[in-house]
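**Q** The structure is given below, and queries will be raised subsequently.
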Amino acid sequence: MDDIQFQLKAVVKCSSSLDDNDIKLSELNDFMRESAEPLLKRGAPPGCGAEIEGWGVSGEQLKLDLRSDRFVRAHDALIRLKKELGRFLAKYRIGIRGIEIESYEITMNWEEGIKLRRLPFVKELKHSDGRLTLYLDVDYAALEKRIPDRLLRLLEEKKTAASWKGKSEHWELLFESRSERKKSFRFDKDPTEEMVKRGWIRHAAGRGQWIYGPQITRIFRAFERILIEEVLKPLGYEEMVFPKLVPWEVWKRSGHARGIYPEAYYVCAPKTRDPEYWEEVMDYYKVTNEVPLEMIKERIEPVGGMCYAQCPPFWIFLMGKTLPDSILPIRVFDRSGTSHRYESGGLHGIERLDEFHRVEIVWIGTKEQVIEHANELRERYRRIFAEILDIEWREAWVTPWFMAQEGKAGLAELKEVGTVDFEAILPYSGKWLEFQNVSVNGDKYPKGFSVKLQSGKELWSGCSGVGLERWAAVMLAQNGLEPEQWTEGFRRITGELPEVFRFL
Ligand code: ATP
Ligand code: ZN
Ligand code: MG
């Protein structure tokens, strides 16, 4: 951000004329020299800050030409000046009616390699000889809202993102299960194909969506029971029901609003539920048997998206509250509905879906409690995988999505805040699949949703998402679909798999 330059031209509109007498003008002159100039340098190192390159008066208008470095950015200078000028003009019973921004240019060093196409509030971008100039399209309200500062932060983020590109995501092996029969799995087929053949599942009408028959549903429920008996009950969890339609406000607070767009499933509400408003749509369908998408688009409003990460909408329950320290750690889980992600080309079988089922586990406490609890969870999970599901897996430390997105990768190096992914190999393809995660999210959610602790200590949280389809994909890929190949413990929980349908 060194060598950055700000060039701002603004017109201050006043309630009456500024140049109707010489005394007023000369006092304005003194004001500019004695009050305004030093004001624009306040707080900056010697020789730095903003300066008035020129000014002029015509009638009720005062034209200002400001220029600055990074210390007192020109828009901050203008905001400072407006206050001071208001005080000065009040002596003459003159008010400030408004400020018009004629132009605002920001120039900085910029690497050729990082391409920028369009930026919000920027009408033109010029990039040459390692310098980037932004021609801003802003009004005074946008300056007050600190839009230029956020734009510069956005550019910093793009730089960080560009420096990440090509490098593989941070991934570090933490744990690997070991047993004798490693590499000699009992099954080498794609479990999705096998299940389709046996009529256990059928592709649903939507993309990445399946209908699960009685047998696999029995297996999902067995997973849930194991999770509850082996992990959640012993660790003191209680069940809740989290919302599954997520309004924008939640994603603004959770940080998802920064980048979720390519993967979200959007939810729209009708602009009105007046049947007359919708009559044309209904009539069109009745006459053509086609759903008129364009006509519908005009009549709906996006209100948010479908559940993506499961825990964010829960936080509204605690929003704005102060918690007594004595109720910590809080331990709750949700298994009340589907999650939805637009997974593009990566769809495969029941491994990568647009609609999936997950148990989400959330714990909240002091920093020490949250970190310790994550370790206890991992220990309990391990026992399930080794003894009941009988699978081979590994655990890896990965850079959490929100840190990568928010350019905070450095923080993750402390290994206090971050994610452990559980991955298992699928013998039929030789590929590793993440089937669940355990994340320590630091103070991100309590901060985002303004939740405080009575003692004033920092409040932390963690979450863990257990994907039922992913557990099934892993367990069936390694052990096959024949219950005889499963552990006795698992068979006891599933019982005999139900046979309901037969097809002719
Ligand atoms: P991947 O890298 O495989 O896309 P992710 O990092 O996007 O996974 P998370 O955001 O950590 O996954 O989600 C937590 C858990 O939710 C995953 O461990 C997995 O069990 C489940 N999950 C996520 N996306 C899907 C999906 N598209 N289909 C099925 N399960 C999923
Ligand atoms: Zn979560
Ligand atoms: Mg993903």
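In the structure tokens, chains take letters A, B, ... by order of appearance, with residues numbered from 1 within each chain and ligands from 1 in the order shown.
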Within 9 Å of ligand 2, counting only C-alpha atoms and all ligand atoms: which residues, as a PyMOL selection string?
**A** chain A and resi 309-312+360-362+438-439+441+462-465
**Q** Can I get the selected residues back with N, CA and C atoms, as a PDB file, in the first residue's frame?
**A**
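Output file result16.pdb follows:
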```
ATOM      1  N   ALA A 309     -24.001 -24.855   5.774  1.00  0.00           N
ATOM      2  CA  ALA A 309     -23.035 -25.323   6.763  1.00  0.00           C
ATOM      3  C   ALA A 309     -23.699 -25.768   8.068  1.00  0.00           C
ATOM      4  N   GLN A 310     -24.991 -25.651   8.137  1.00  0.00           N
ATOM      5  CA  GLN A 310     -25.821 -26.168   9.252  1.00  0.00           C
ATOM      6  C   GLN A 310     -25.749 -25.394  10.570  1.00  0.00           C
ATOM      7  N   CYS A 311     -24.577 -25.032  11.074  1.00  0.00           N
ATOM      8  CA  CYS A 311     -24.598 -24.355  12.381  1.00  0.00           C
ATOM      9  C   CYS A 311     -24.881 -22.849  12.318  1.00  0.00           C
ATOM     10  N   PRO A 312     -24.572 -22.116  11.236  1.00  0.00           N
ATOM     11  CA  PRO A 312     -24.785 -20.662  11.308  1.00  0.00           C
ATOM     12  C   PRO A 312     -26.177 -20.203  11.764  1.00  0.00           C
ATOM     13  N   GLU A 360     -24.895 -32.186  12.770  1.00  0.00           N
ATOM     14  CA  GLU A 360     -23.981 -31.073  13.076  1.00  0.00           C
ATOM     15  C   GLU A 360     -23.863 -30.945  14.586  1.00  0.00           C
ATOM     16  N   ILE A 361     -22.630 -30.907  15.049  1.00  0.00           N
ATOM     17  CA  ILE A 361     -22.345 -30.917  16.480  1.00  0.00           C
ATOM     18  C   ILE A 361     -21.668 -29.591  16.823  1.00  0.00           C
ATOM     19  N   VAL A 362     -22.200 -28.894  17.820  1.00  0.00           N
ATOM     20  CA  VAL A 362     -21.684 -27.566  18.153  1.00  0.00           C
ATOM     21  C   VAL A 362     -21.330 -27.498  19.635  1.00  0.00           C
ATOM     22  N   VAL A 438     -13.725 -31.869  12.175  1.00  0.00           N
ATOM     23  CA  VAL A 438     -13.824 -31.298  13.523  1.00  0.00           C
ATOM     24  C   VAL A 438     -13.133 -29.943  13.461  1.00  0.00           C
ATOM     25  N   SER A 439     -13.895 -28.870  13.698  1.00  0.00           N
ATOM     26  CA  SER A 439     -13.324 -27.532  13.550  1.00  0.00           C
ATOM     27  C   SER A 439     -13.371 -26.764  14.857  1.00  0.00           C
ATOM     28  N   ASN A 441     -13.431 -23.015  15.759  1.00  0.00           N
ATOM     29  CA  ASN A 441     -13.673 -21.796  14.982  1.00  0.00           C
ATOM     30  C   ASN A 441     -13.240 -20.519  15.701  1.00  0.00           C
ATOM     31  N   GLY A 462     -16.783 -24.458  18.521  1.00  0.00           N
ATOM     32  CA  GLY A 462     -16.308 -25.430  17.547  1.00  0.00           C
ATOM     33  C   GLY A 462     -17.492 -26.131  16.936  1.00  0.00           C
ATOM     34  N   CYS A 463     -17.292 -26.763  15.779  1.00  0.00           N
ATOM     35  CA  CYS A 463     -18.366 -27.569  15.212  1.00  0.00           C
ATOM     36  C   CYS A 463     -17.792 -28.741  14.448  1.00  0.00           C
ATOM     37  N   SER A 464     -18.637 -29.752  14.314  1.00  0.00           N
ATOM     38  CA  SER A 464     -18.209 -30.962  13.634  1.00  0.00           C
ATOM     39  C   SER A 464     -19.378 -31.463  12.799  1.00  0.00           C
ATOM     40  N   GLY A 465     -19.129 -31.715  11.532  1.00  0.00           N
ATOM     41  CA  GLY A 465     -20.205 -32.153  10.641  1.00  0.00           C
ATOM     42  C   GLY A 465     -19.990 -33.600  10.225  1.00  0.00           C
TER      43      GLY A 465
END
```
**Q** Could I get the residue neighbourhood of ligand 1 at 8 Å, counting only C-alpha atoms and all ligand atoms, as a VMD selection string?
**A** chain A and resid 309 340 to 343 347 350 to 358 401 421 to 422 433 to 437 464 to 471
**Q** Excluding same-chain residues fewer than 4 positions from Thr366 in chain A, what lies within 7 Å of it counting only C-alpha atoms, as a PDB file with C-alpha atoms, in the first residue's frame?
**A**
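Generated output (result-v9.pdb):
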```
ATOM      1  CA  VAL A 370     -13.264 -25.644  23.179  1.00  0.00           C
ATOM      2  CA  GLU A 458     -13.219 -14.657  25.243  1.00  0.00           C
ATOM      3  CA  LEU A 459     -15.966 -17.001  24.057  1.00  0.00           C
ATOM      4  CA  TRP A 460     -14.993 -19.678  21.534  1.00  0.00           C
TER       5      TRP A 460
END
```
**Q** Compare A:Arg502, A:Arg42, A:Arg93, A:Arg491 by their minimum atom-to-atom distance to Phe71 in chain A, counting only C-alpha atoms, and give me the closest one.
**A**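 Going through A:Arg502, A:Arg42, A:Arg93, A:Arg491 one by one, the smallest distance to Phe71 in chain A is for A:Arg42.
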**Q** From the DSSP assignment of the backbone, select every residue of range 172-320 of chain A that is helix (DSSP H, G or I), and format the answer as a PDB file with C-alpha atoms, in the first residue's frame.
**A**
```pdb
ATOM      1  CA  PRO A 191     -21.071 -48.828  -3.489  1.00  0.00           C
ATOM      2  CA  THR A 192     -23.416 -46.376  -5.235  1.00  0.00           C
ATOM      3  CA  GLU A 193     -23.609 -48.609  -8.309  1.00  0.00           C
ATOM      4  CA  GLU A 194     -24.106 -51.674  -6.149  1.00  0.00           C
ATOM      5  CA  MET A 195     -26.902 -50.006  -4.226  1.00  0.00           C
ATOM      6  CA  VAL A 196     -28.617 -48.942  -7.439  1.00  0.00           C
ATOM      7  CA  LYS A 197     -28.399 -52.517  -8.721  1.00  0.00           C
ATOM      8  CA  PRO A 214     -35.402 -48.769   3.555  1.00  0.00           C
ATOM      9  CA  GLN A 215     -32.060 -50.630   3.705  1.00  0.00           C
ATOM     10  CA  ILE A 216     -29.728 -47.651   3.421  1.00  0.00           C
ATOM     11  CA  THR A 217     -32.040 -45.588   5.600  1.00  0.00           C
ATOM     12  CA  ARG A 218     -31.635 -48.267   8.267  1.00  0.00           C
ATOM     13  CA  ILE A 219     -27.872 -47.841   7.903  1.00  0.00           C
ATOM     14  CA  PHE A 220     -28.099 -44.027   8.203  1.00  0.00           C
ATOM     15  CA  ARG A 221     -30.168 -44.386  11.362  1.00  0.00           C
ATOM     16  CA  ALA A 222     -27.648 -46.881  12.722  1.00  0.00           C
ATOM     17  CA  PHE A 223     -24.910 -44.287  12.171  1.00  0.00           C
ATOM     18  CA  GLU A 224     -26.947 -41.726  14.078  1.00  0.00           C
ATOM     19  CA  ARG A 225     -27.545 -44.144  16.937  1.00  0.00           C
ATOM     20  CA  ILE A 226     -23.882 -44.983  17.169  1.00  0.00           C
ATOM     21  CA  LEU A 227     -22.984 -41.314  17.139  1.00  0.00           C
ATOM     22  CA  ILE A 228     -25.506 -40.570  19.875  1.00  0.00           C
ATOM     23  CA  GLU A 229     -24.597 -43.543  22.089  1.00  0.00           C
ATOM     24  CA  GLU A 230     -20.826 -43.430  21.671  1.00  0.00           C
ATOM     25  CA  VAL A 231     -20.159 -39.705  21.365  1.00  0.00           C
ATOM     26  CA  LEU A 232     -23.011 -37.351  22.083  1.00  0.00           C
ATOM     27  CA  TRP A 248     -29.070 -13.267   4.356  1.00  0.00           C
ATOM     28  CA  GLU A 249     -28.607 -11.845   7.835  1.00  0.00           C
ATOM     29  CA  VAL A 250     -27.224 -15.155   9.070  1.00  0.00           C
ATOM     30  CA  TRP A 251     -24.682 -15.448   6.263  1.00  0.00           C
ATOM     31  CA  LYS A 252     -23.668 -11.827   6.740  1.00  0.00           C
ATOM     32  CA  ARG A 253     -22.849 -12.558  10.357  1.00  0.00           C
ATOM     33  CA  SER A 254     -21.247 -15.967   9.755  1.00  0.00           C
ATOM     34  CA  HIS A 256     -20.556 -16.871   4.312  1.00  0.00           C
ATOM     35  CA  ALA A 257     -21.940 -13.806   2.522  1.00  0.00           C
ATOM     36  CA  ARG A 258     -18.369 -13.078   1.456  1.00  0.00           C
ATOM     37  CA  TYR A 261     -22.476 -17.533  -4.084  1.00  0.00           C
ATOM     38  CA  PRO A 262     -21.190 -20.173  -6.546  1.00  0.00           C
ATOM     39  CA  GLU A 263     -22.225 -23.012  -4.220  1.00  0.00           C
ATOM     40  CA  PRO A 275     -53.487 -14.857  -6.463  1.00  0.00           C
ATOM     41  CA  GLU A 276     -54.206 -12.156  -9.054  1.00  0.00           C
ATOM     42  CA  TYR A 277     -50.521 -11.284  -9.188  1.00  0.00           C
ATOM     43  CA  TRP A 278     -49.807 -14.924 -10.072  1.00  0.00           C
ATOM     44  CA  GLU A 279     -52.769 -15.529 -12.360  1.00  0.00           C
ATOM     45  CA  GLU A 280     -50.801 -15.002 -15.551  1.00  0.00           C
ATOM     46  CA  VAL A 281     -48.239 -17.581 -14.458  1.00  0.00           C
ATOM     47  CA  MET A 282     -50.910 -20.135 -13.654  1.00  0.00           C
ATOM     48  CA  ASP A 283     -52.724 -19.510 -16.908  1.00  0.00           C
ATOM     49  CA  TYR A 284     -49.518 -19.798 -18.917  1.00  0.00           C
ATOM     50  CA  TYR A 285     -48.777 -23.155 -17.347  1.00  0.00           C
ATOM     51  CA  LYS A 286     -52.312 -24.420 -17.938  1.00  0.00           C
ATOM     52  CA  VAL A 287     -52.136 -23.494 -21.601  1.00  0.00           C
ATOM     53  CA  THR A 288     -48.577 -24.706 -22.339  1.00  0.00           C
ATOM     54  CA  LEU A 293     -39.417 -19.311 -15.526  1.00  0.00           C
ATOM     55  CA  GLU A 294     -38.947 -15.749 -16.747  1.00  0.00           C
ATOM     56  CA  MET A 295     -42.401 -14.719 -15.573  1.00  0.00           C
ATOM     57  CA  ILE A 296     -41.718 -16.308 -12.207  1.00  0.00           C
ATOM     58  CA  LYS A 297     -38.347 -14.597 -11.852  1.00  0.00           C
ATOM     59  CA  GLU A 298     -40.038 -11.213 -12.071  1.00  0.00           C
ATOM     60  CA  PRO A 312     -24.785 -20.662  11.308  1.00  0.00           C
ATOM     61  CA  PRO A 313     -28.591 -20.250  11.667  1.00  0.00           C
ATOM     62  CA  PHE A 314     -28.379 -21.746  15.191  1.00  0.00           C
ATOM     63  CA  TRP A 315     -26.408 -18.721  16.361  1.00  0.00           C
ATOM     64  CA  ILE A 316     -29.435 -16.451  16.147  1.00  0.00           C
ATOM     65  CA  PHE A 317     -30.593 -18.341  19.263  1.00  0.00           C
TER      66      PHE A 317
END
```
**Q** For Pro270 in chain A, work out the shell of residues within 7 Å, counting only C-alpha atoms and skipping chain neighbours fewer than 3 positions away, then give it as a PyMOL selection string.
**A** chain A and resi 273+299-301
**Q** If you keep N, CA, C and O atoms, can you produce a file of those selected residues as a compact mmCIF listing (two decimals), in the first residue's frame?
**A**
```
# COMPACT_ATOMS: atom_id res chain seq x y z
N ARG A 273 -48.52 -12.66 -2.13
CA ARG A 273 -49.24 -13.92 -2.29
C ARG A 273 -50.66 -13.68 -2.82
O ARG A 273 -51.53 -14.54 -2.73
N ARG A 299 -41.44 -12.18 -10.36
CA ARG A 299 -42.39 -12.11 -9.25
C ARG A 299 -41.85 -12.63 -7.92
O ARG A 299 -42.60 -12.80 -6.97
N ILE A 300 -40.56 -12.91 -7.90
CA ILE A 300 -39.99 -13.44 -6.64
C ILE A 300 -38.79 -12.63 -6.19
O ILE A 300 -38.21 -11.86 -6.95
N GLU A 301 -38.44 -12.84 -4.92
CA GLU A 301 -37.39 -12.06 -4.27
C GLU A 301 -36.47 -13.04 -3.53
O GLU A 301 -36.96 -13.84 -2.74
```
**Q** Measure the distance from CA of Ser16 in chain A to CA of Ser58 in chain A in Å and round it to one decimal.
**A** 10.8 Å
